[in-house]
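Visitor: Next comes query32.csv, CSV, C-alpha atoms:
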chain,number,residue,atom,x,y,z
A,984,MET,CA,141.7,-81.3,87.0
A,985,SER,CA,143.6,-78.0,87.0
A,986,THR,CA,143.4,-76.0,90.3
A,987,LEU,CA,142.8,-73.0,88.1
A,988,ARG,CA,139.4,-74.2,86.8
A,989,ILE,CA,136.2,-72.6,87.9
A,990,ALA,CA,132.6,-73.0,87.2
A,991,ALA,CA,130.0,-70.4,88.1
A,992,THR,CA,126.9,-72.0,89.7
A,993,PRO,CA,123.5,-70.8,90.6
A,994,LEU,CA,124.4,-71.3,94.3
A,995,LEU,CA,127.3,-68.8,94.2
A,996,ARG,CA,127.3,-66.5,97.2
A,997,ARG,CA,126.3,-62.9,96.3
A,998,ASP,CA,129.4,-61.5,97.9
A,999,GLU,CA,131.6,-63.8,95.7
A,1000,THR,CA,130.3,-62.5,92.4
A,1001,ILE,CA,132.4,-60.8,89.8
A,1002,THR,CA,130.4,-57.5,90.1
A,1003,VAL,CA,131.1,-57.3,93.9
A,1004,ALA,CA,134.8,-58.2,93.3
A,1005,LEU,CA,135.2,-55.4,90.7
A,1006,LEU,CA,133.4,-52.8,92.9
A,1007,LEU,CA,135.6,-53.7,95.9
A,1008,ALA,CA,138.8,-53.6,93.9
A,1009,PHE,CA,137.8,-50.2,92.6
A,1010,ALA,CA,137.2,-49.0,96.1
A,1011,GLY,CA,140.6,-50.4,97.2
A,1012,GLY,CA,142.4,-48.5,94.4
A,1013,CYS,CA,140.6,-45.3,95.4
A,1014,LEU,CA,141.6,-45.6,99.0
A,1015,ASP,CA,145.3,-46.3,98.3
A,1016,ALA,CA,145.5,-43.4,95.9
A,1017,TYR,CA,143.8,-41.1,98.5
A,1018,THR,CA,146.1,-42.0,101.4
A,1019,TRP,CA,149.3,-41.9,99.3
A,1020,ILE,CA,148.5,-38.4,97.9
A,1021,ILE,CA,147.2,-36.9,101.2
A,1022,HIS,CA,149.4,-38.7,103.7
A,1023,GLY,CA,152.3,-40.3,101.9
A,1024,VAL,CA,151.5,-43.8,103.1
A,1025,MET,CA,149.6,-46.7,101.7
A,1026,ALA,CA,146.2,-47.7,103.2
A,1027,ASN,CA,146.3,-51.2,101.7
A,1028,ALA,CA,149.8,-52.3,100.9
A,1029,GLN,CA,151.3,-52.9,104.3
A,1030,THR,CA,154.3,-54.5,102.6
A,1031,ALA,CA,155.2,-51.1,101.2
A,1032,ASN,CA,154.6,-49.4,104.6
A,1033,LEU,CA,156.9,-52.0,106.3
A,1034,VAL,CA,159.7,-51.6,103.7
A,1035,LEU,CA,159.5,-47.8,103.9
A,1036,LEU,CA,159.5,-47.9,107.7
A,1037,TRP,CA,162.8,-49.8,107.7
A,1038,VAL,CA,164.3,-47.9,104.7
A,1039,HIS,CA,163.9,-44.6,106.6
A,1040,GLY,CA,164.8,-46.2,109.9
A,1041,MET,CA,168.1,-47.5,108.6
A,1042,GLU,CA,168.8,-44.0,107.2
A,1043,GLY,CA,168.4,-42.7,110.8
A,1044,ASP,CA,165.2,-40.7,109.9
A,1045,TRP,CA,163.0,-42.2,112.5
A,1046,MET,CA,160.5,-39.4,112.5
A,1047,ARG,CA,159.8,-40.2,108.9
A,1048,ALA,CA,160.0,-44.0,109.5
A,1049,LEU,CA,157.5,-44.1,112.4
A,1050,GLN,CA,154.7,-42.5,110.3
A,1051,PHE,CA,154.5,-45.9,108.6
A,1052,GLY,CA,153.9,-47.7,111.8
A,1053,PRO,CA,150.3,-46.6,112.6
A,1054,PRO,CA,148.8,-47.8,109.3
A,1055,ILE,CA,150.3,-51.3,110.0
A,1056,LEU,CA,148.9,-51.3,113.5
A,1057,ALA,CA,145.4,-50.1,112.2
A,1058,PHE,CA,145.5,-52.8,109.5
A,1059,ALA,CA,146.1,-55.5,112.2
A,1060,ILE,CA,143.2,-54.2,114.3
A,1061,GLY,CA,141.0,-54.2,111.3
A,1062,ILE,CA,141.8,-57.9,110.7
A,1063,VAL,CA,140.9,-58.7,114.3
A,1064,ILE,CA,137.6,-56.8,113.9
A,1065,ALA,CA,136.8,-58.8,110.8
A,1066,ALA,CA,137.6,-62.1,112.4
A,1067,TRP,CA,135.2,-61.2,115.3
A,1068,LEU,CA,132.5,-60.2,112.8
A,1069,ARG,CA,132.7,-63.5,111.0
A,1070,ARG,CA,132.3,-65.3,114.3
A,1071,ALA,CA,129.5,-63.1,115.6
A,1072,THR,CA,127.4,-62.6,112.4
A,1073,GLY,CA,128.2,-65.6,110.3
A,1074,GLU,CA,126.9,-65.2,106.7
A,1075,ARG,CA,125.9,-61.6,107.4
A,1076,ALA,CA,129.6,-60.7,107.9
A,1077,SER,CA,130.0,-59.3,104.4
A,1078,ALA,CA,127.0,-57.0,104.7
A,1079,VAL,CA,127.8,-55.9,108.3
A,1080,SER,CA,131.4,-55.3,107.4
A,1081,THR,CA,130.5,-53.2,104.3
A,1082,LEU,CA,128.1,-51.1,106.4
A,1083,LEU,CA,130.8,-50.4,109.0
A,1084,GLU,CA,133.3,-49.5,106.2
A,1085,ILE,CA,130.8,-47.0,104.8
A,1086,VAL,CA,130.2,-45.5,108.2
A,1087,PHE,CA,134.0,-45.3,108.9
A,1088,LEU,CA,134.7,-43.6,105.5
A,1089,ILE,CA,131.9,-41.0,106.0
A,1090,THR,CA,133.2,-40.3,109.5
A,1091,ILE,CA,136.8,-40.0,108.1
A,1092,GLY,CA,135.5,-37.5,105.5
A,1093,ILE,CA,133.9,-35.4,108.2
A,1094,LEU,CA,136.8,-35.5,110.7
A,1095,HIS,CA,139.5,-35.2,108.1
A,1096,ASN,CA,140.0,-31.5,108.4
A,1097,ARG,CA,140.2,-31.6,112.2
A,1098,MET,CA,142.2,-34.9,112.6
A,1099,PRO,CA,143.9,-35.5,109.3
A,1100,GLU,CA,146.5,-38.0,110.3
A,1101,VAL,CA,144.4,-40.1,112.7
A,1102,ALA,CA,141.3,-40.1,110.5
A,1103,GLY,CA,143.2,-40.6,107.2
A,1104,THR,CA,145.9,-43.2,107.9
A,1105,LEU,CA,144.4,-45.1,110.8
A,1106,GLY,CA,140.8,-45.1,109.7
A,1107,ILE,CA,141.3,-46.0,106.1
A,1108,SER,CA,143.9,-48.8,106.9
A,1109,LEU,CA,141.3,-50.3,109.3
A,1110,VAL,CA,138.7,-50.2,106.5
A,1111,ALA,CA,141.0,-51.8,104.0
A,1112,ALA,CA,141.9,-54.6,106.5
A,1113,MET,CA,138.2,-55.4,107.1
A,1114,GLN,CA,137.5,-55.5,103.4
A,1115,ALA,CA,140.6,-57.7,102.8
A,1116,ALA,CA,139.6,-60.2,105.5
A,1117,ILE,CA,135.9,-60.5,104.8
A,1118,PHE,CA,135.9,-60.6,101.0
A,1119,THR,CA,138.4,-63.3,100.2
A,1120,LYS,CA,136.9,-65.2,97.2
A,1121,VAL,CA,135.4,-64.5,93.8
A,1122,GLU,CA,133.5,-67.4,92.3
A,1123,GLY,CA,135.2,-69.7,94.8
A,1124,ALA,CA,138.8,-68.5,94.0
A,1125,THR,CA,140.9,-66.7,96.5
A,1126,TYR,CA,141.8,-63.1,95.6
A,1127,SER,CA,142.4,-59.7,97.1
A,1128,THR,CA,140.4,-56.5,96.8
A,1129,VAL,CA,143.1,-54.3,98.3
A,1130,MET,CA,146.3,-55.2,96.3
A,1131,ILE,CA,146.9,-56.8,93.0
A,1132,THR,CA,150.1,-58.8,93.3
A,1133,GLY,CA,148.4,-62.2,93.9
A,1134,ASN,CA,145.7,-61.4,91.4
A,1135,MET,CA,148.2,-60.6,88.7
A,1136,ARG,CA,150.1,-63.8,89.4
A,1137,GLN,CA,146.9,-65.9,89.0
A,1138,ALA,CA,145.8,-64.0,85.9
A,1139,ILE,CA,149.2,-64.6,84.2
A,1140,GLU,CA,149.3,-68.3,85.3
A,1141,GLY,CA,145.8,-68.8,83.9
A,1142,MET,CA,146.8,-67.3,80.6
A,1143,PHE,CA,149.9,-69.4,80.4
A,1144,ALA,CA,148.0,-72.5,81.2
A,1145,ALA,CA,145.3,-71.8,78.6
A,1146,VAL,CA,147.9,-71.1,75.9
A,1147,SER,CA,150.4,-73.8,76.7
A,1148,ASP,CA,148.2,-76.7,77.9
A,1149,GLY,CA,145.0,-76.1,76.0
A,1150,VAL,CA,143.0,-76.4,79.1
A,1151,ALA,CA,139.2,-75.8,79.4
A,1152,ALA,CA,137.5,-72.4,79.0
A,1153,GLY,CA,137.0,-72.2,82.8
A,1154,THR,CA,140.7,-71.6,83.2
A,1155,LEU,CA,140.6,-68.7,80.8
A,1156,ARG,CA,137.5,-67.4,82.5
A,1157,ARG,CA,139.2,-67.3,85.9
A,1158,SER,CA,142.2,-65.6,84.3
A,1159,GLY,CA,139.9,-63.0,82.9
A,1160,ILE,CA,138.3,-62.4,86.3
A,1161,PHE,CA,141.7,-61.7,87.9
A,1162,THR,CA,142.6,-59.5,85.0
A,1163,GLY,CA,139.4,-57.5,85.5
A,1164,VAL,CA,140.0,-57.2,89.2
A,1165,CYS,CA,143.5,-55.7,88.5
A,1166,CYS,CA,142.0,-53.3,86.0
A,1167,ALA,CA,139.3,-52.2,88.4
A,1168,PHE,CA,141.9,-51.6,91.1
A,1169,GLY,CA,143.9,-49.5,88.6
A,1170,LEU,CA,140.8,-47.6,87.5
A,1171,GLY,CA,140.0,-46.9,91.1
A,1172,ALA,CA,143.5,-45.6,91.7
A,1173,ALA,CA,143.3,-43.4,88.7
A,1174,LEU,CA,140.0,-41.8,89.5
A,1175,GLY,CA,140.8,-41.7,93.2
A,1176,ALA,CA,144.0,-39.7,92.4
A,1177,LEU,CA,142.2,-37.4,90.0
A,1178,THR,CA,139.4,-36.7,92.6
A,1179,THR,CA,141.8,-36.3,95.5
A,1180,LYS,CA,143.8,-33.7,93.6
A,1181,THR,CA,140.8,-31.8,92.2
A,1182,VAL,CA,138.1,-32.1,94.9
A,1183,PRO,CA,139.8,-33.7,97.9
A,1184,ASP,CA,136.8,-33.1,100.2
A,1185,LEU,CA,134.7,-35.4,97.9
A,1186,ALA,CA,137.4,-38.0,97.1
A,1187,LEU,CA,136.1,-40.6,99.6
A,1188,GLY,CA,132.7,-40.4,97.9
A,1189,LEU,CA,133.9,-42.7,95.2
A,1190,PRO,CA,134.7,-45.7,97.4
A,1191,VAL,CA,131.6,-45.0,99.5
A,1192,VAL,CA,129.3,-45.3,96.4
A,1193,ALA,CA,131.0,-48.5,95.3
A,1194,LEU,CA,130.6,-50.0,98.8
A,1195,LEU,CA,126.9,-48.9,98.9
A,1196,ILE,CA,126.3,-50.9,95.8
A,1197,VAL,CA,128.1,-53.9,97.3
A,1198,LEU,CA,126.0,-53.6,100.5
A,1199,LEU,CA,122.8,-53.5,98.4
A,1200,ARG,CA,123.8,-56.6,96.6
A,1201,CYS,CA,124.6,-58.4,99.8
A,1202,GLU,CA,121.4,-57.4,101.4
A,1203,ALA,CA,119.4,-58.4,98.3
A,1204,ALA,CA,120.8,-61.9,98.7
A,1205,HIS,CA,119.8,-62.0,102.4
A,1206,PHE,CA,116.2,-60.9,101.6
A,1207,GLU,CA,115.9,-63.4,98.8
A,1208,ALA,CA,117.0,-66.2,101.1
A,1209,LYS,CA,114.3,-65.1,103.7
A,1210,SER,CA,111.5,-64.9,101.1
Just dump the structure as structure tokens.
Guide:
Amino acid sequence: MSTLRIAATPLLRRDETITVALLLAFAGGCLDAYTWIIHGVMANAQTANLVLLWVHGMEGDWMRALQFGPPILAFAIGIVIAAWLRRATGERASAVSTLLEIVFLITIGILHNRMPEVAGTLGISLVAAMQAAIFTKVEGATYSTVMITGNMRQAIEGMFAAVSDGVAAGTLRRSGIFTGVCCAFGLGAALGALTTKTVPDLALGLPVVALLIVLLRCEAAHFEAKS
């Protein structure tokens, strides 16, 4: 059986549904657009930050280069926090993490005018890391909510397999899921950029709303399990 196959089941975790994946990808796109426009760094794509750090460093512009270091460090701290949350809260990690992300983003929005660099680059990179580390699967398939490279690869592989091998509809379904996640990320980046340029003080409201819906869906699953 192809490793690309997938079958949705009634036992699917609520935090692995397509709706949650699309909302998180949308939020990820918003955050990357926001930090790039406001601060000139990427909240999610630490590959880009690392490359730009060394590009400017090799040019001798270390003042410019070192501004890409803090987001990388904040992302690493966010991963550690997410790992601790998984250990401490178990299946509630997705809901707890989402709640913390919302609180962080609201705090960042409040502090941004007073502490723009710290609140913007460090806080949002930490949020992105927590999201990336907690939400790792959609319908059982590994994906990313904060960058699209791997998602795009899997979408294209699925399409190729469906066309060339004539595999089952499940393969095409998974390819469609990854395509949708990529599109949601792009839509988030587009609307995030538009909002950041027009009403920057409200720009973080978009990912907060998306995360609130995710939180409600995760909590709904928890209450259903208890009832």
Visitor: Using all atoms listed in the file, which protein or nucleic acid residues come within 8 Å of range 1188-1195 of chain A? Drop anything in the same chain fewer than 4 positions from it, and give the result as an MDAnalysis selection string.
Guide: chainID A and resid 1006:1007 1009:1011 1013:1014 1081:1082 1084:1085 1088:1089 1175 1199
Visitor: What is the distance, in Å and to one decimal place, between CA of Gly1141 in chain A and CA of Gln1029 in chain A?
Guide: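 Between CA of Gly1141 in chain A and CA of Gln1029 in chain A the gap works out to 26.4 Å.
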Visitor: Which is closest to Glu1202 in chain A among A:Thr1179, A:Trp1045, A:Ser1158, A:Ala1076, if we use only C-alpha atoms?
Guide: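 Of the candidates, the smallest distance to Glu1202 in chain A is held by A:Ala1076.
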Visitor: Taking 5 positions as the minimum chain separation for residues in the same chain, which residues sit within 9 Å of range 1123-1135 of chain A when counting only C-alpha atoms? Answer as number ranges by chain.
Guide: A: 987, 989-991, 995-996, 999, 1004-1012, 1014-1015, 1026-1028, 1111-1112, 1114-1116, 1118, 1140, 1157-1158, 1161-1162, 1164-1165, 1168
Visitor: With distances taken over all atoms listed in the file, which residue among A:Gly1043, A:Leu1198, A:Arg1075, A:Met1113 lies nearest Val1003 in chain A?
Guide: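 Of the candidates, the smallest distance to Val1003 in chain A is held by A:Leu1198.
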Visitor: Report, in Å to a single decimal, how far apart CA of Val1182 in chain A and CA of Ile1093 in chain A are.
Guide: 14.3 Å
Visitor: Could you work out how far CA of Ile1196 in chain A lies from CA of Gly1159 in chain A, giving the answer in Å with one decimal?
Guide: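 If I compute the distance from CA of Gly1159 in chain A to CA of Ile1196 in chain A, I get 22.3 Å.
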Visitor: Can you list, as a PDB file with C-alpha atoms, keeping the file's coordinate frame, every protein, DNA or RNA residue that comes within 9 Å of Pro1183 in chain A when you count only C-alpha atoms, leaving out same-chain residues fewer than 5 positions away?
Guide:
ATOM      1  CA  TYR A1017     143.800 -41.100  98.500  1.00  0.00           C
ATOM      2  CA  ILE A1021     147.200 -36.900 101.200  1.00  0.00           C
ATOM      3  CA  THR A1178     139.400 -36.700  92.600  1.00  0.00           C
TER       4      THR A1178
END
Visitor: Which of these, A:Arg1156, A:Met1025, A:Asn1032, A:Gly1106, has the shortest distance to Gly1092 in chain A once you count all atoms listed in the file?
Guide: A:Gly1106
Visitor: I'd like to know which of A:Met1046, A:Leu1170, A:Val1110, A:Ala1071 is closest to Thr1090 in chain A, using only C-alpha atoms.
Guide: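 Under the stated criterion, the closest residue is A:Val1110.
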Visitor: Any idea what's packed within 10 Å of Arg1069 in chain A, counting all atoms listed in the file, ignoring anything in its chain fewer than 4 positions away? Could you give it as a ChimeraX atom specification?
Guide: /A:1064-1065,1073-1077,1079-1080,1116-1117
Visitor: Identify which of the residues A:Ile1001, A:Ile1020, A:Met1142, A:Ala1048 lies closest to Ala1173 in chain A, counting all atoms listed in the file when measuring atom-to-atom distances.
Guide: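 Closest candidate: A:Ile1020.
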Visitor: Return the single residue from A:Leu1056, A:Phe1051, A:Arg1200, A:Phe1087 that is closest to Val1034 in chain A, with distances computed using all atoms listed in the file.
Guide: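 Of all the options, A:Phe1051 lies closest to Val1034 in chain A.
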Visitor: Please produce, as CSV, a per-residue contact table for range 1047-1164 of chain A versus range 1035-1038 of chain A (criterion: any atom at most 12 Å away, only C-alpha atoms considered), showing the nearest atom pair and its distance in Å to one decimal, sorted by chain then residue number.
Guide:
residue,atom,partner,partner_atom,distance
A:Arg1047,CA,A:Leu1036,CA,7.8
A:Ala1048,CA,A:Leu1036,CA,4.3
A:Leu1049,CA,A:Leu1036,CA,6.4
A:Gln1050,CA,A:Leu1036,CA,7.7
A:Phe1051,CA,A:Leu1036,CA,5.5
A:Gly1052,CA,A:Leu1036,CA,6.9
A:Pro1053,CA,A:Leu1036,CA,10.5
A:Pro1054,CA,A:Leu1036,CA,10.8
A:Ile1055,CA,A:Leu1036,CA,10.1
